[in-house]
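Quick notes on the structure that follows.
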Amino acid sequence: MELRPIGILARKEFRDRIRNRWVLAVALIFTAFALVIAYFGSAQQGAVGFHGIEATIASLVSLVIYLVPLIALILGFDAVVGERERGSLDLLLSMPLTRLELLLGKFLGLSAALTCSTVIGFGVAGAVLAYWQPTASIYHYVGFVLSSVLFGMSFLSLAVAVSVVASDRARASGAAIALWFFFVLVYDLLLLGGLVATGGEYGAEATPYLLLLNPADVYRILNIFGLEDLRTMYGLTTVFPAELASPALLGAVMLAWIAAPLAVASWRFRK
Amino acid sequence: MANSAIEIRGAVKRYGAIEAVGGVDLRIERGEVFGLIGHNGAGKSTLFKMMLGLIPATAGDIRIDGTSINGKAFREVRRGVGYLPENVVLYENLNGLETLDFFASLKGLRNLDGRAMLERVGLAEAGDRRVKTYSKGMRQRLGFAQALLGEPRLMFLDEPTNGLDPEGIREFYGLLREQRDRGATIVLTSHILSEIQERVDRLAIMKTGRIQALGAVSSLREQMRLPLLFELRLAPGAEDAVRAALTGVDASAFSLRGERATVQCPRESKMRMVAAICGLGAHILDVQIREPSLEDVFLGYSG
């Protein structure tokens with residue numbers, strides 16, 4: 001594998017997203033949502049306004065779980081199938097590069113765009129929050145932004161896999177939306193339903209491991225478990241054993257969620 | 001090196017029950033200009049993509065410059081290959097210079113003079129404009145400039161004159177001659193047979209995934225044994241005399257429409273027919289001898 005063609009492709013993808021103002025638009029969306037959520041997030045506790053950073057992060061995590069996968073899937077679903085459908089893929093593949101390099105280049109370029117939007121969007125929101133309420137928990141906030149970047153990359157990786165497997169753009173977009181529904185909305189309901197239906201008799205021990213099979217849950221645990229107050233508030237300690245909750249382990253699982261779909265994509269692309 | 005530029009042995013491509021390419025054997029020598037002709041769906045684009053390693057063969061062996069297209073070493077060979085796909089699609093949001101720059105960097109070329117390259121294909125003024133503002137002909141020119149990057153040893157041009165006006169077609173073949181003169185091997189497809197027949201050393205005619213005929217244009221004509229065509233303009237009232245004089249010459253066929261007569265005769269009877277026509281004196285006002293075109297050969301094989 002050579003790095004040069006990967007870098008060239010990544011640079012092109014990134015530049016495309018800067019040029020068509022995708023990075024700017026998504027950064028603005030993130031900033032706006034983050035500020036609104038931070039301000040109104042604690043309304044259920046009977047007050048609006050900017051509050052402690054921990055409560056804010058908890059609200060933002062819920063936002064990110066809905067928004068970031070959707071944006072990552074939209075960003076990546078036509079990475080390969082789009083070029084194939086438009087007819088530019090053949091010329092690209094006739095260049096001296098391997099299919100794996102092509103995939104990695106596209107993935108890294110799109111990742112850079114998503115990372116930029118995420119860091120700028122939540123960075124600006126974080127700066128506003130810090131100005132309003134100087135806090136020592138900036139460390140947590142940085143962790144939140146970093147994990148959001150990885151979380152976005154995991155869904156981008158899924159999107160790239162979809163764009164390799166799908167035969168046309170319409171199918172790819174359908175599959176991307178289905179993935180969003182499954183991981184963001186349906187998966188937890190299924191787990192919960194299973195537990196309730198069996199009265200917690202079956203699968204209770206397996207539940208923490210099953211949570212690791214969904215990047216959205218990994219992301220949630222990664223962010224919430226680190227925050228003392230919230231852990232008890234979300235009742236997480238009751239379902240998730242502390243020994244599984246090490247940031248290093250969860251981070252590794254997240255990285256696996258980035259690598260695995262890309263590996264599948266590369267295997268399918270070669271065939 | 002003794003290797004041929006392209007060597008194909010028993011290449012087969014099947015999609016389920018459909019055989020797009022069925023057992024093609026072909027050898028294209030270095031420095032040759034080779035034409036690939038066939039109707040849509042004859043398998044020529046598939047064969048083209050197989051030669052470039054874009055579509056894996058179901059069976060058979062394809063070597064470019066002596067290197068198997070399946071091996072890791074093929075990557076190096078690709079640096080010396082220029083490819084212009086049929087209906088080339090480039091990136092709309094890049095301008096002409098950026099497009100060349102992107103593909104040149106993928107090929108590992110340094111010190112690219114993009115403007116000079118654009119000038120060669122007649123796009124000097126359009127380098128800073130985005131491809132999305134280009135006409136079909138301009139895109140084709142830019143695609144061709146892309147294929148010329150790095151002076152490739154081997155060029156694959158799929159319907160290269162698609163979308164070009166007559167002026168553009170003339171310029172294109174001028175550039176192609178330059179490439180041939182510097183020793184590049186060129187494989188091209190075209191639907192415009194009269195255009196290609198003067199410009200290729202050899203050609204292959206494909207039909208339903210197989211090569212039906214292979215050779216130089218002249219030798220294909222010989223093989224087909226197509227008759228020569230004499231077109232005559234007759235003096236008023238000369239029909240009967242002309243018919244009587246020419247019908248007897250070997251195995252010729254005579255047909256008459258008003259003052260125009262057409263006589264078909266075998267090649268080897270050409271001089272006897274000429275003599276017979278001259279013998280008719282003032283009965284004949286004008287004569288034209290027509291060679292069978294490659295179109296005739298083409299239709300003869302795959303029509």
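Labels for the structure tokens follow display order: chains A, B, ..., residues from 1 in each chain, ligands from 1.
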Non-local contacts of range 13-23 of chain B (6 Å; only C-alpha atoms; under 5 positions in same chain excluded) as an MDAnalysis selection string
chainID B and resid 43 57:58 209:210
Based on the backbone DSSP call, show me all residues of range 143-242 of chain B assigned alpha helix (DSSP H), as a PyMOL selection string.
chain B and resi 143-148+166-181+193-197+217-224+239-242
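Nearest-residue note for Ile57 in chain A: choosing from A:Ala265, A:Leu129, A:Ala216, A:Leu158, the minimum distance belongs to A:Leu129, counting only C-alpha atoms.
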Counting only C-alpha atoms, which residues of chain B come no farther than 10 Å from chain A, as a PyMOL selection string?
chain B and resi 49+52-56+72+74-91+93-94+98+102-108+143+146-147
Tell me, as an mmCIF file with C-alpha atoms, in the first residue's frame, which residues lie within 6 Å of range 115-123 of chain A, counting only C-alpha atoms; anything in the same chain fewer than 3 positions away does not count.
```cif
data_model
loop_
_atom_site.group_PDB
_atom_site.id
_atom_site.type_symbol
_atom_site.label_atom_id
_atom_site.label_comp_id
_atom_site.auth_asym_id
_atom_site.auth_seq_id
_atom_site.Cartn_x
_atom_site.Cartn_y
_atom_site.Cartn_z
ATOM 1 C CA VAL A 23 -17.906 21.952 6.023
ATOM 2 C CA VAL A 26 -22.491 21.523 8.876
ATOM 3 C CA ALA A 27 -20.318 23.453 11.350
ATOM 4 C CA PHE A 30 -23.670 21.921 14.900
ATOM 5 C CA THR A 31 -23.027 25.298 16.532
ATOM 6 C CA SER A 111 -13.412 12.122 7.655
ATOM 7 C CA ALA A 112 -11.321 15.275 7.580
ATOM 8 C CA GLY A 126 -17.857 25.266 23.736
ATOM 9 C CA VAL A 149 -15.307 12.806 15.886
#
```
Please list as a PyMOL selection string every residue within 10 Å of range 126-134 of chain B, counting only C-alpha atoms and excluding residues in the same chain fewer than 4 positions away.
chain B and resi 89-100+114-115+117-119+122+138-140+142
Emit the selected residues as an mmCIF file, in the first residue's frame, including C-alpha atoms.
```
data_model
loop_
_atom_site.group_PDB
_atom_site.id
_atom_site.type_symbol
_atom_site.label_atom_id
_atom_site.label_comp_id
_atom_site.auth_asym_id
_atom_site.auth_seq_id
_atom_site.Cartn_x
_atom_site.Cartn_y
_atom_site.Cartn_z
ATOM 1 C CA VAL B 89 -16.854 11.925 -17.027
ATOM 2 C CA LEU B 90 -14.600 14.342 -15.157
ATOM 3 C CA TYR B 91 -15.106 16.193 -11.905
ATOM 4 C CA GLU B 92 -17.490 19.086 -12.435
ATOM 5 C CA ASN B 93 -16.174 21.190 -9.571
ATOM 6 C CA LEU B 94 -12.528 21.152 -10.664
ATOM 7 C CA ASN B 95 -11.253 23.471 -13.365
ATOM 8 C CA GLY B 96 -9.271 22.253 -16.362
ATOM 9 C CA LEU B 97 -5.856 22.772 -14.776
ATOM 10 C CA GLU B 98 -6.884 21.177 -11.503
ATOM 11 C CA THR B 99 -8.260 18.185 -13.373
ATOM 12 C CA LEU B 100 -4.932 17.588 -15.115
ATOM 13 C CA GLY B 114 -0.792 22.007 -17.382
ATOM 14 C CA ARG B 115 -1.239 25.098 -19.513
ATOM 15 C CA MET B 117 -0.984 20.490 -22.165
ATOM 16 C CA LEU B 118 -4.299 22.337 -22.424
ATOM 17 C CA GLU B 119 -2.945 24.345 -25.319
ATOM 18 C CA GLY B 122 -7.103 23.548 -27.833
ATOM 19 C CA MET B 138 -14.360 20.476 -24.466
ATOM 20 C CA ARG B 139 -14.768 17.670 -21.961
ATOM 21 C CA GLN B 140 -13.616 15.206 -24.582
ATOM 22 C CA LEU B 142 -9.764 17.598 -21.569
#
```
Could you pull the residues within 8 Å of Ile221 in chain A, counting only C-alpha atoms, minus those fewer than 4 positions along the same chain, as a ChimeraX atom specification?
/A:217,225,245
Selection above as a file: C-alpha atoms, as a PDB file, in the first residue's frame:
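File written: result_31.pdb
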```pdb
ATOM      1  CA  ASP A 217     -24.317   3.006  22.575  1.00  0.00           C
ATOM      2  CA  PHE A 225     -19.746   7.070  32.281  1.00  0.00           C
ATOM      3  CA  ALA A 245     -16.434   1.147  30.994  1.00  0.00           C
TER       4      ALA A 245
END
```
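CA of Asn223 in chain A to CA of Leu185 in chain A spans 18.7 Å [interatomic distance, one decimal].
Of the listed residues (A:Trp22, A:Tyr39, A:Phe77, A:Tyr219), A:Phe77 comes nearest to Val165 in chain A; the distances count only C-alpha atoms.
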DSSP strand (DSSP E or B) residues within range 2-222 of chain B, as a PyMOL selection string:
chain B and resi 6-15+18-28+33-38+59-64+67-68+81-84+95+130+154-158+185-189+202-207+210-215
Tell me, as JSON, numbers by chain, which residues lie within 10 Å of Ala170 in chain A, counting only C-alpha atoms; anything in the same chain fewer than 2 positions away does not count.
{"A": [77, 78, 81, 82, 166, 167, 168, 172, 173, 174, 175, 176]}
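Across B:Leu47, B:Leu232, B:Arg257, B:Val121, the tightest approach to Arg170 in chain B is made by B:Val121 when counting only C-alpha atoms.
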What's around Ile138 in chain A at 9 Å? Count only C-alpha atoms, leave out sequence neighbours fewer than 5 positions away in its own chain, and write the answer as a ChimeraX atom specification.
/A:53,126,130,143
How would the residues just picked look written out with C-alpha atoms as a PDB file, in the first residue's frame?
```pdb
ATOM      1  CA  ILE A  53     -20.797  21.601  31.767  1.00  0.00           C
ATOM      2  CA  GLY A 126     -17.857  25.266  23.736  1.00  0.00           C
ATOM      3  CA  ALA A 130     -16.912  28.657  28.592  1.00  0.00           C
ATOM      4  CA  GLY A 143     -13.209  14.345  25.404  1.00  0.00           C
TER       5      GLY A 143
END
```
Could you check which of B:Ile205, B:Ile284, B:Leu157, B:Leu188 is closest to Val33 in chain B, using only C-alpha atoms?
B:Leu188
